[in-house]
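Structure below is my_file_37.cif: mmCIF, C-alpha atoms and all ligand atoms.
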```cif
data_entry
#
loop_
_atom_site.label_atom_id
_atom_site.label_comp_id
_atom_site.auth_asym_id
_atom_site.auth_seq_id
_atom_site.Cartn_x
_atom_site.Cartn_y
_atom_site.Cartn_z
CA MET A 1 112.10 82.03 64.52
CA SER A 2 109.40 80.00 62.80
CA ALA A 3 107.23 82.08 60.53
CA ILE A 4 104.52 79.47 60.07
CA THR A 5 104.01 76.31 62.09
CA LEU A 6 101.46 73.62 61.35
CA GLU A 7 101.19 71.22 64.25
CA GLU A 8 99.31 68.03 63.50
CA ILE A 9 96.78 69.89 61.39
CA THR A 10 93.83 67.74 60.30
CA LYS A 11 90.94 68.43 57.96
CA ARG A 12 87.84 66.29 57.96
CA TYR A 13 85.18 67.60 55.56
CA PRO A 14 81.52 67.36 56.64
CA ASP A 15 81.00 64.41 54.27
CA GLY A 16 83.65 62.47 56.22
CA THR A 17 86.56 62.90 53.76
CA LEU A 18 89.84 62.98 55.66
CA ALA A 19 91.65 65.41 53.34
CA VAL A 20 94.64 66.26 55.56
CA ASP A 21 95.77 63.90 58.29
CA SER A 22 97.91 65.29 61.10
CA LEU A 23 100.18 67.46 58.97
CA SER A 24 103.16 69.05 60.74
CA LEU A 25 105.34 71.61 58.95
CA ASP A 26 107.64 74.32 60.16
CA LEU A 27 108.55 77.18 57.82
CA SER A 28 111.41 79.36 58.98
CA ASP A 29 111.53 83.08 58.32
CA GLY A 30 112.08 83.80 54.62
CA GLU A 31 111.92 80.15 53.61
CA PHE A 32 110.46 79.02 50.28
CA MET A 33 108.68 75.74 51.00
CA ILE A 34 107.02 73.62 48.34
CA LEU A 35 104.09 71.34 49.16
CA VAL A 36 103.88 68.72 46.43
CA GLY A 37 101.94 65.54 45.72
CA PRO A 38 99.46 64.00 43.29
CA SER A 39 96.09 65.54 42.58
CA GLY A 40 93.64 65.04 45.46
CA CYS A 41 96.30 64.46 48.15
CA GLY A 42 95.16 67.46 50.22
CA LYS A 43 97.53 70.26 49.16
CA SER A 44 94.90 72.92 48.48
CA THR A 45 93.02 71.99 51.64
CA ALA A 46 96.21 72.42 53.69
CA LEU A 47 96.95 75.79 52.10
CA ARG A 48 93.37 76.99 52.56
CA MET A 49 93.56 76.14 56.27
CA VAL A 50 96.70 78.27 56.58
CA ALA A 51 94.93 81.09 54.73
CA GLY A 52 91.89 80.81 56.98
CA LEU A 53 89.59 79.88 54.11
CA GLU A 54 88.90 76.44 55.52
CA GLU A 55 88.22 75.56 59.14
CA ILE A 56 90.87 73.46 60.89
CA SER A 57 89.32 70.26 62.32
CA ASP A 58 92.22 69.46 64.62
CA GLY A 59 95.73 70.66 65.42
CA GLU A 60 97.29 74.05 65.88
CA LEU A 61 98.36 76.69 63.36
CA ARG A 62 100.79 79.41 64.42
CA ILE A 63 101.92 82.44 62.44
CA GLY A 64 104.77 84.42 63.94
CA GLY A 65 104.52 82.22 67.05
CA GLU A 66 100.88 83.09 67.68
CA ARG A 67 97.97 80.65 67.48
CA VAL A 68 95.69 81.76 64.66
CA ASN A 69 93.25 78.83 64.28
CA GLU A 70 90.26 81.04 64.95
CA LEU A 71 91.44 84.19 63.13
CA PRO A 72 89.55 85.10 59.93
CA PRO A 73 91.62 85.44 56.71
CA LYS A 74 91.79 89.22 57.05
CA GLY A 75 93.30 88.92 60.50
CA ARG A 76 96.24 86.86 59.19
CA ASP A 77 99.11 88.80 57.73
CA ILE A 78 99.41 86.59 54.64
CA ALA A 79 98.54 86.96 50.97
CA MET A 80 97.33 84.19 48.71
CA VAL A 81 98.01 83.87 44.97
CA PHE A 82 95.32 81.69 43.45
CA GLN A 83 95.33 79.13 40.68
CA ASN A 84 92.59 80.96 38.80
CA TYR A 85 93.43 84.59 39.34
CA ALA A 86 90.80 87.04 38.14
CA LEU A 87 91.93 90.53 37.22
CA TYR A 88 89.42 93.36 36.80
CA PRO A 89 89.30 93.76 32.99
CA HIS A 90 88.16 97.41 33.08
CA MET A 91 90.91 98.54 35.47
CA SER A 92 94.50 99.45 34.63
CA VAL A 93 97.34 97.28 35.89
CA ALA A 94 98.12 99.91 38.54
CA ARG A 95 94.53 99.96 39.79
CA ASN A 96 94.32 96.16 39.77
CA MET A 97 97.40 96.02 41.96
CA GLY A 98 96.32 98.80 44.30
CA PHE A 99 92.65 97.89 44.65
CA ALA A 100 92.88 95.95 47.92
CA LEU A 101 94.97 98.74 49.46
CA LYS A 102 92.35 101.29 48.46
CA MET A 103 89.69 99.16 50.14
CA ALA A 104 91.94 99.06 53.22
CA LYS A 105 91.94 102.89 53.15
CA LEU A 106 95.65 103.41 52.62
CA SER A 107 96.63 106.88 51.40
CA LYS A 108 96.99 107.47 47.67
CA ALA A 109 100.68 108.30 48.12
CA GLU A 110 101.31 105.03 49.97
CA ILE A 111 99.36 103.00 47.39
CA ASP A 112 101.34 104.68 44.60
CA ARG A 113 104.64 103.94 46.30
CA ARG A 114 103.83 100.28 46.84
CA VAL A 115 102.44 99.76 43.33
CA ARG A 116 105.53 101.37 41.75
CA GLU A 117 107.86 99.29 43.87
CA ALA A 118 106.03 96.04 43.06
CA ALA A 119 105.88 96.93 39.36
CA GLU A 120 109.62 97.50 39.35
CA ILE A 121 110.31 94.11 40.98
CA LEU A 122 107.88 92.41 38.57
CA ASP A 123 109.16 94.20 35.48
CA LEU A 124 105.76 95.79 34.89
CA SER A 125 106.70 99.47 35.21
CA GLU A 126 106.11 100.08 31.50
CA HIS A 127 102.65 98.53 31.63
CA LEU A 128 101.01 100.22 34.61
CA GLU A 129 98.41 102.06 32.54
CA ARG A 130 97.43 99.10 30.36
CA ARG A 131 94.33 96.96 30.80
CA PRO A 132 94.75 93.22 31.52
CA GLY A 133 93.45 92.42 28.01
CA GLN A 134 96.50 94.16 26.56
CA LEU A 135 98.95 91.93 28.43
CA SER A 136 100.44 88.51 27.77
CA GLY A 137 99.52 85.56 30.00
CA GLY A 138 102.83 85.81 31.83
CA GLN A 139 102.37 89.52 32.47
CA ARG A 140 98.85 88.92 33.77
CA GLN A 141 100.22 86.31 36.15
CA ARG A 142 102.76 88.88 37.38
CA VAL A 143 99.98 91.40 37.98
CA ALA A 144 98.24 88.74 40.11
CA MET A 145 101.47 88.41 42.09
CA GLY A 146 101.69 92.18 42.31
CA ARG A 147 98.37 92.28 44.11
CA ALA A 148 99.86 90.03 46.79
CA ILE A 149 103.20 91.88 46.95
CA VAL A 150 101.70 95.35 47.51
CA ARG A 151 100.11 94.11 50.71
CA GLU A 152 103.63 93.55 52.06
CA PRO A 153 102.47 90.46 53.94
CA GLN A 154 104.44 88.30 56.34
CA ALA A 155 103.95 85.30 54.05
CA PHE A 156 102.78 84.30 50.58
CA LEU A 157 100.62 81.28 49.87
CA MET A 158 100.51 80.11 46.26
CA ASP A 159 98.27 77.39 44.87
CA GLU A 160 99.54 76.16 41.51
CA PRO A 161 100.03 79.73 40.25
CA LEU A 162 101.52 78.56 36.94
CA SER A 163 98.82 76.06 35.98
CA ASN A 164 97.13 78.45 33.53
CA LEU A 165 100.32 79.08 31.53
CA ASP A 166 101.68 77.10 28.61
CA ALA A 167 104.84 75.02 29.08
CA LYS A 168 107.32 77.62 27.88
CA LEU A 169 105.83 80.45 29.92
CA ARG A 170 105.64 78.17 32.91
CA VAL A 171 109.41 77.65 32.89
CA GLN A 172 110.06 81.41 32.50
CA THR A 173 107.58 82.44 35.16
CA ARG A 174 108.89 79.75 37.53
CA ALA A 175 112.33 81.36 37.40
CA GLU A 176 110.74 84.78 37.92
CA ILE A 177 108.90 83.61 41.03
CA ALA A 178 112.12 82.19 42.51
CA ARG A 179 113.94 85.48 41.83
CA ILE A 180 111.15 87.61 43.30
CA GLN A 181 110.80 85.43 46.39
CA LYS A 182 114.54 85.68 47.09
CA ARG A 183 114.57 89.43 46.48
CA LEU A 184 111.64 90.07 48.84
CA GLY A 185 112.71 87.41 51.35
CA THR A 186 109.07 86.70 52.19
CA THR A 187 108.23 83.30 53.69
CA THR A 188 106.35 81.34 51.02
CA LEU A 189 104.33 78.13 50.97
CA TYR A 190 103.87 77.05 47.36
CA VAL A 191 101.60 74.21 46.26
CA THR A 192 102.12 72.21 43.07
CA HIS A 193 101.53 68.72 41.69
CA ASP A 194 104.54 69.16 39.35
CA GLN A 195 107.69 67.45 40.63
CA THR A 196 110.00 69.49 38.35
CA GLU A 197 108.57 72.70 39.75
CA ALA A 198 109.01 71.35 43.28
CA MET A 199 112.59 70.23 42.78
CA THR A 200 113.78 73.45 41.12
CA LEU A 201 111.92 76.13 43.03
CA GLY A 202 112.04 75.59 46.75
CA ASP A 203 114.51 75.64 49.63
CA ARG A 204 112.69 72.60 50.99
CA VAL A 205 110.08 70.26 49.62
CA ALA A 206 107.28 68.62 51.61
CA ILE A 207 105.75 65.67 49.81
CA MET A 208 102.23 64.40 50.55
CA LYS A 209 100.24 61.34 49.65
CA SER A 210 96.56 60.80 50.52
CA GLY A 211 96.55 63.55 53.14
CA VAL A 212 99.68 62.27 54.87
CA LEU A 213 103.09 63.95 54.83
CA GLN A 214 105.74 61.52 53.59
CA GLN A 215 108.97 63.51 53.83
CA VAL A 216 110.32 67.05 54.17
CA GLY A 217 113.78 68.01 53.02
CA SER A 218 115.92 69.84 50.52
CA PRO A 219 115.43 68.73 46.91
CA ARG A 220 118.84 67.02 47.22
CA ASP A 221 117.78 65.08 50.36
CA LEU A 222 114.60 63.86 48.74
CA TYR A 223 116.41 62.80 45.60
CA ASP A 224 119.33 61.11 47.35
CA THR A 225 117.58 59.58 50.35
CA PRO A 226 113.85 59.13 49.71
CA VAL A 227 112.18 57.56 52.77
CA ASN A 228 109.96 55.23 50.77
CA VAL A 229 109.08 53.90 47.34
CA PHE A 230 106.37 56.52 46.84
CA VAL A 231 108.78 59.43 47.35
CA ALA A 232 111.42 57.81 45.14
CA GLY A 233 108.88 57.19 42.39
CA PHE A 234 107.38 60.66 42.56
CA ILE A 235 110.72 62.46 42.60
CA GLY A 236 112.19 60.10 40.03
CA SER A 237 115.19 58.96 42.07
CA PRO A 238 117.25 56.16 40.54
CA PRO A 239 116.21 52.76 41.97
P1 LIG B 1 94.82 68.71 46.00
O1 LIG B 1 94.87 70.19 46.11
O2 LIG B 1 96.08 68.03 46.46
O3 LIG B 1 94.45 68.25 44.62
P2 LIG B 1 92.45 68.91 47.68
O4 LIG B 1 92.91 69.53 48.94
O5 LIG B 1 91.73 69.74 46.70
O6 LIG B 1 93.68 68.15 46.99
O7 LIG B 1 91.49 67.68 48.04
C1 LIG B 1 91.87 66.69 48.99
C2 LIG B 1 90.70 65.71 49.16
O8 LIG B 1 89.61 66.37 49.78
C3 LIG B 1 90.18 65.12 47.86
O9 LIG B 1 89.79 63.80 48.11
C4 LIG B 1 88.98 65.99 47.56
O10 LIG B 1 88.04 65.30 46.79
C5 LIG B 1 88.46 66.29 48.94
N1 LIG B 1 87.76 67.57 49.05
C6 LIG B 1 88.20 68.79 48.65
N2 LIG B 1 87.31 69.74 48.93
C7 LIG B 1 86.26 69.12 49.53
C8 LIG B 1 85.00 69.55 50.07
N3 LIG B 1 84.65 70.84 50.07
N4 LIG B 1 84.18 68.62 50.60
C9 LIG B 1 84.53 67.30 50.63
N5 LIG B 1 85.69 66.83 50.15
C10 LIG B 1 86.56 67.72 49.60
MG MG B 2 94.65 71.68 44.58
#
```

Show me, as C-alpha cells, the structure contained in the file I just sent.
Amino acid sequence: MSAITLEEITKRYPDGTLAVDSLSLDLSDGEFMILVGPSGCGKSTALRMVAGLEEISDGELRIGGERVNELPPKGRDIAMVFQNYALYPHMSVARNMGFALKMAKLSKAEIDRRVREAAEILDLSEHLERRPGQLSGGQRQRVAMGRAIVREPQAFLMDEPLSNLDAKLRVQTRAEIARIQKRLGTTTLYVTHDQTEAMTLGDRVAIMKSGVLQQVGSPRDLYDTPVNVFVAGFIGSPP
C-alpha cells in the first residue's frame, strides 16, 4: 500500500509565487524517497505541505490512504527533522528526546522505553545524561533524529538535515541515516539540494526544477536514462 501519496499538489503563495506546480509522488510503505533539486525549486514547500505546516492550494494529499489536506500537523502521524534543529541546552539528551512524549502525556515508563530504544539505535546510550553542549555536532544531529524516532511515526520528513555539518561529518551522518532508516523501516521523504546525497541515500530519487517534477526513479535509472538535459546535468550523467 502507498504510505504517502501526493496527487497534483500545488502551492501558490499569497504573493503569487507558484512554488510547487502539480506535484505527484507516491511513496510505498518503508520507502526512502529523496526529493532533490536546486535551491528555490520548491522542495521545502512540498515537504511543509506534507507536514501540514503549509496550506495546500490545490491537489490531494493522502497518508495511509486517507485524505489529510485539512488535518493539522498534530493530526498527521509523521515526524519532521528540520534543517535548523534546536535542542534545549539546559536539558539532558534523554529529556530532549522524551520532551514531546511528556507533553503528549505518555507514561514515564513508556517514555523511558522509547528513549532507551532510540538511543541504542542512534548510538547515544552512553550520552543520555549529557547536555547538548557536551556533544559533537554529529551527536547533536542524532539527538534531533531521536526526537523524531521516539514518536514512532508512520513517516519521517527531513529537510536538509545534514546542512549544518562539515563535509566529513556529513558523509558519516549520511551513512548513519541510511542505516537507521533501513533498520526502522519507516517511510521517509528526504529533501536535499546535494546530488551526491540524493544518489547515495535513497531507494528512489524525485528531481524537481522550478516547482515542476522532472523525473522519479532509482538512482541508476536517473543516471542511465535521464529524461532531459536538466536531469542529466544535475545528476552528472555522461553526455
Ligand atoms: P527550496 O526548498 O527548494 O529551496 P522553497 O520551497 O523554499 O525552495 O521555495 C520555493 C519558491 O517559493 C522560491 O521561489 C521561494 O522564494 C518561494 N517562497 C518560499 N516561501 C515563500 C513564502 N512564504 N512566500 C512567498 N514565496 C515563498
Ligand atoms: Mg529548502

Taking only C-alpha atoms and all ligand atoms into account, which residues have an atom no farther than 7 Å from ligand MG 2 (chain B)? I'd like them as a PyMOL selection string. chain A and resi 39-40+43-44+159

Please, which residues have at least one atom within 10 Å of an atom of ligand LIG 1 (chain B), using only C-alpha atoms and all ligand atoms, listed as an MDAnalysis selection string? chainID A and resid 11:20 35:49 54 159:160 191:193 208:211

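Considering all atoms listed in the file, the residue among A:Pro132, A:Ser237, A:Ser163, A:Glu110 positioned nearest to Pro89 of chain A is A:Pro132.
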
Best match for closeness to Ala155 of chain A among A:Leu184, A:Ala100, A:Val231, A:Leu25, counting only C-alpha atoms: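 Looking only at the distances to Ala155 of chain A, the closest residue turns out to be A:Leu184.
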
Any idea what's packed within 8 Å of segment 66-70 of chain A, counting only C-alpha atoms, ignoring anything in its chain fewer than 3 positions away? Could you give it as a tab-separated table (two decimals) with C-alpha atoms, in the coordinates of the input?
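So the final result, stored in selection.tsv, reads:
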```
chain	number	residue	atom	x	y	z
A	52	GLY	CA	91.89	80.81	56.98
A	55	GLU	CA	88.22	75.56	59.14
A	56	ILE	CA	90.87	73.46	60.89
A	60	GLU	CA	97.29	74.05	65.88
A	61	LEU	CA	98.36	76.69	63.36
A	62	ARG	CA	100.79	79.41	64.42
A	63	ILE	CA	101.92	82.44	62.44
A	76	ARG	CA	96.24	86.86	59.19
```

At what distance in Å, to one decimal, does atom CA of Ile34 of chain A lie from atom CA of Glu7 of chain A?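 Computing the Euclidean distance for atom CA of Glu7 of chain A and atom CA of Ile34 of chain A yields 17.1 Å.
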
So what do you get for atom CA of Arg204 of chain A versus atom CA of Ile9 of chain A, distance-wise? 19.2 Å

Taking into account all atoms listed in the file, which residue in the set A:Val205, A:Leu23, A:Val115, A:Val50 is nearest to Ile4 of chain A?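 Closest to Ile4 of chain A of all the choices is A:Val50.
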
Of the residues A:Gly236, A:Gly146, A:Pro73, A:Pro153, which is the one nearest to Ala3 of chain A, using only C-alpha atoms? A:Pro153

As AutoDock Vina command-line options, please: the centre and edge lengths in Å, to one decimal, of an axis-aligned box enclosing every listed atom of segment 9-18 of chain A with 8 Å added on each side.
```
--center_x 88.9 --center_y 66.2 --center_z 57.6 --size_x 31.8 --size_y 23.4 --size_z 23.6
```

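Interatomic distance, atom CA of Met33 of chain A to atom CA of Thr188 of chain A: 6.1 Å.
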
Which one of A:Arg151, A:His90, A:Arg130, A:Arg140 sits closest to Arg114 of chain A if you count all atoms listed in the file?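 Looking only at the distances to Arg114 of chain A, the closest residue turns out to be A:Arg151.
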
Fewer than 6 positions away in the same chain doesn't count, so skip those; otherwise give me all residues within 12 Å of Val229 of chain A, counting only C-alpha atoms, as a PyMOL selection string. chain A and resi 209+214-215+222-223+235-239

Pick from A:Leu165, A:Met199, A:Leu87, A:Val93, whichever lies nearest to Asp221 of chain A using all atoms listed in the file: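 Of A:Leu165, A:Met199, A:Leu87, A:Val93, the one nearest Asp221 of chain A is A:Met199, counting all atoms listed in the file.
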
Within 8 Å of Met80 of chain A, counting only C-alpha atoms, which residues show up once you throw out same-chain ones fewer than 5 positions away? Write them as JSON, numbers by chain, please. {"A": [51, 148, 156, 157, 158, 159]}

Close residues, Gln181 of chain A itself excluded, 12 Å, only C-alpha atoms, min 2 positions apart in chain, as an NGL selection string: :A and (30-33 or 121-122 or 145 or 148-149 or 155-158 or 174-179 or 183-190 or 201-203)
